[in-house]
Amino acid sequence: MIDLEYQYKLLNFKNILAGLSFGIIAKVKYFDGDVRINSSAYDTQKDIHLPIPMIGVGAKIGLLANILEARAKVTGMGYSGSFFYDAMADLSITPFPFLNIHGGYRAMSVKIDNVSDIYAKMDFYGPYVGLAISF
């Protein structure tokens, strides 16, 4: 799964509470994988290569200058009985300008209803941690 995301900040208050922003998100989530069903009567495999365009909202509140912030994002897309949403909330600490450590909770839900003869319902959720290095 690969994400390409752009957030346009509608509100950006840099001097309130060490920063507060709210924006809209445009995102493309690309799935690349395969599904296999194997039983005594049936054995088949299907490759999945699926780009999913998504829209959503994001917010960020600075808690301690540019060091600690709380973030939340929700993106999704739905049509013809199928949907995909991706939501996350986390705390982020930036001890150095090039290093970001974050952790929180993320939930994703997918329902595919007859897209290229694929039917599926999957939910993924739980805590996560991440590390970002920028240059």
# chains A, B, ... in the order shown; residues from 1 in each chain; ligands from 1
call {"tool": "residues_around", "arguments": {"residues": "range 113-130 of chain A", "least_positions_apart": "2", "cutoff": "9 Å", "atoms": "only C-alpha atoms", "output": "NGL selection string"}}
result
:A and (46 or 48 or 80-83 or 90 or 100-111 or 132)
call {"tool": "residues_around", "arguments": {"residues": "Ile55 in chain A", "least_positions_apart": "6", "cutoff": "12 Å", "atoms": "only C-alpha atoms", "output": "PyMOL selection string"}}
result
chain A and resi 4-8+23-29+73-78+84-87
call {"tool": "residues_around", "arguments": {"residues": "Arg71 in chain A", "least_positions_apart": "6", "cutoff": "10 Å", "atoms": "only C-alpha atoms", "output": "mmCIF file with C-alpha atoms, in the first residue's frame"}}
result
data_model
loop_
_atom_site.group_PDB
_atom_site.id
_atom_site.type_symbol
_atom_site.label_atom_id
_atom_site.label_comp_id
_atom_site.auth_asym_id
_atom_site.auth_seq_id
_atom_site.Cartn_x
_atom_site.Cartn_y
_atom_site.Cartn_z
ATOM 1 C CA LEU A 20 -3.200 25.360 15.011
ATOM 2 C CA SER A 21 -4.079 24.345 11.458
ATOM 3 C CA PHE A 22 -7.008 22.783 9.628
ATOM 4 C CA GLY A 58 -6.788 17.083 8.660
ATOM 5 C CA ALA A 59 -6.058 19.084 11.808
ATOM 6 C CA LYS A 60 -2.939 19.794 13.831
ATOM 7 C CA ILE A 61 -2.546 21.463 17.235
ATOM 8 C CA GLY A 62 0.866 22.524 18.483
ATOM 9 C CA MET A 88 -5.663 8.344 12.303
ATOM 10 C CA ALA A 89 -4.864 10.366 15.412
ATOM 11 C CA ASP A 90 -1.393 10.684 16.890
ATOM 12 C CA LEU A 91 1.088 12.628 18.979
ATOM 13 C CA SER A 92 4.268 13.759 17.286
ATOM 14 C CA HIS A 102 5.059 9.785 16.244
ATOM 15 C CA GLY A 104 -1.154 6.923 17.840
#
call {"tool": "atom_distance", "arguments": {"atom1": "CA of Gly33 in chain A", "atom2": "CA of Gln45 in chain A"}}
result
10.6 Å
call {"tool": "residues_around", "arguments": {"residues": "Ala18 in chain A", "least_positions_apart": "5", "cutoff": "12 Å", "atoms": "only C-alpha atoms", "output": "PDB file with N, CA and C atoms, in the first residue's frame"}}
result
ATOM      1  N   ASN A  12      -4.521  28.465   9.273  1.00  0.00           N
ATOM      2  CA  ASN A  12      -3.184  28.216   9.762  1.00  0.00           C
ATOM      3  C   ASN A  12      -2.796  29.328  10.727  1.00  0.00           C
ATOM      4  N   PHE A  13      -2.988  29.070  12.013  1.00  0.00           N
ATOM      5  CA  PHE A  13      -2.661  30.038  13.051  1.00  0.00           C
ATOM      6  C   PHE A  13      -1.361  29.600  13.716  1.00  0.00           C
ATOM      7  N   LYS A  60      -4.161  19.901  13.046  1.00  0.00           N
ATOM      8  CA  LYS A  60      -2.939  19.794  13.831  1.00  0.00           C
ATOM      9  C   LYS A  60      -2.965  20.878  14.902  1.00  0.00           C
ATOM     10  N   ILE A  61      -2.620  20.502  16.132  1.00  0.00           N
ATOM     11  CA  ILE A  61      -2.546  21.463  17.235  1.00  0.00           C
ATOM     12  C   ILE A  61      -1.156  21.363  17.851  1.00  0.00           C
ATOM     13  N   GLY A  62      -0.440  22.487  17.843  1.00  0.00           N
ATOM     14  CA  GLY A  62       0.866  22.524  18.483  1.00  0.00           C
ATOM     15  C   GLY A  62       0.691  22.601  19.986  1.00  0.00           C
ATOM     16  N   LEU A  63       1.379  21.738  20.705  1.00  0.00           N
ATOM     17  CA  LEU A  63       1.259  21.714  22.157  1.00  0.00           C
ATOM     18  C   LEU A  63       2.472  22.344  22.845  1.00  0.00           C
ATOM     19  N   LEU A  64       3.627  22.256  22.209  1.00  0.00           N
ATOM     20  CA  LEU A  64       4.852  22.799  22.787  1.00  0.00           C
ATOM     21  C   LEU A  64       5.748  23.281  21.645  1.00  0.00           C
ATOM     22  N   ALA A  65       5.581  24.566  21.302  1.00  0.00           N
ATOM     23  CA  ALA A  65       6.362  25.185  20.214  1.00  0.00           C
ATOM     24  C   ALA A  65       6.334  24.289  18.978  1.00  0.00           C
ATOM     25  N   ASN A  66       7.485  24.010  18.395  1.00  0.00           N
ATOM     26  CA  ASN A  66       7.554  23.110  17.242  1.00  0.00           C
ATOM     27  C   ASN A  66       8.048  21.724  17.645  1.00  0.00           C
ATOM     28  N   ILE A  67       7.910  21.397  18.939  1.00  0.00           N
ATOM     29  CA  ILE A  67       8.444  20.132  19.429  1.00  0.00           C
ATOM     30  C   ILE A  67       7.368  19.057  19.575  1.00  0.00           C
ATOM     31  N   LEU A  68       6.207  19.393  20.151  1.00  0.00           N
ATOM     32  CA  LEU A  68       5.154  18.413  20.403  1.00  0.00           C
ATOM     33  C   LEU A  68       3.848  18.883  19.774  1.00  0.00           C
ATOM     34  N   GLU A  69       3.188  17.999  19.020  1.00  0.00           N
ATOM     35  CA  GLU A  69       1.907  18.355  18.408  1.00  0.00           C
ATOM     36  C   GLU A  69       0.986  17.148  18.349  1.00  0.00           C
ATOM     37  N   ALA A  70      -0.308  17.432  18.315  1.00  0.00           N
ATOM     38  CA  ALA A  70      -1.343  16.413  18.150  1.00  0.00           C
ATOM     39  C   ALA A  70      -1.911  16.567  16.743  1.00  0.00           C
TER      40      ALA A  70
END
call {"tool": "atom_distance", "arguments": {"atom1": "CA of Phe31 in chain A", "atom2": "CA of Pro53 in chain A"}}
result
11.4 Å
call {"tool": "atom_distance", "arguments": {"atom1": "CA of Ile112 in chain A", "atom2": "CA of Thr44 in chain A"}}
result
18.1 Å
call {"tool": "closest_residue", "arguments": {"among": "A:Leu11, A:Leu99, A:Ile93, A:Val35", "to": "Val57 in chain A", "atoms": "only C-alpha atoms"}}
result
A:Leu11
call {"tool": "select_by_dssp", "arguments": {"residues": "range 10-92 of chain A", "states": "strand (DSSP E or B)", "output": "PyMOL selection string"}}
result
chain A and resi 10-13+20-38+43-64+68-79+82-92
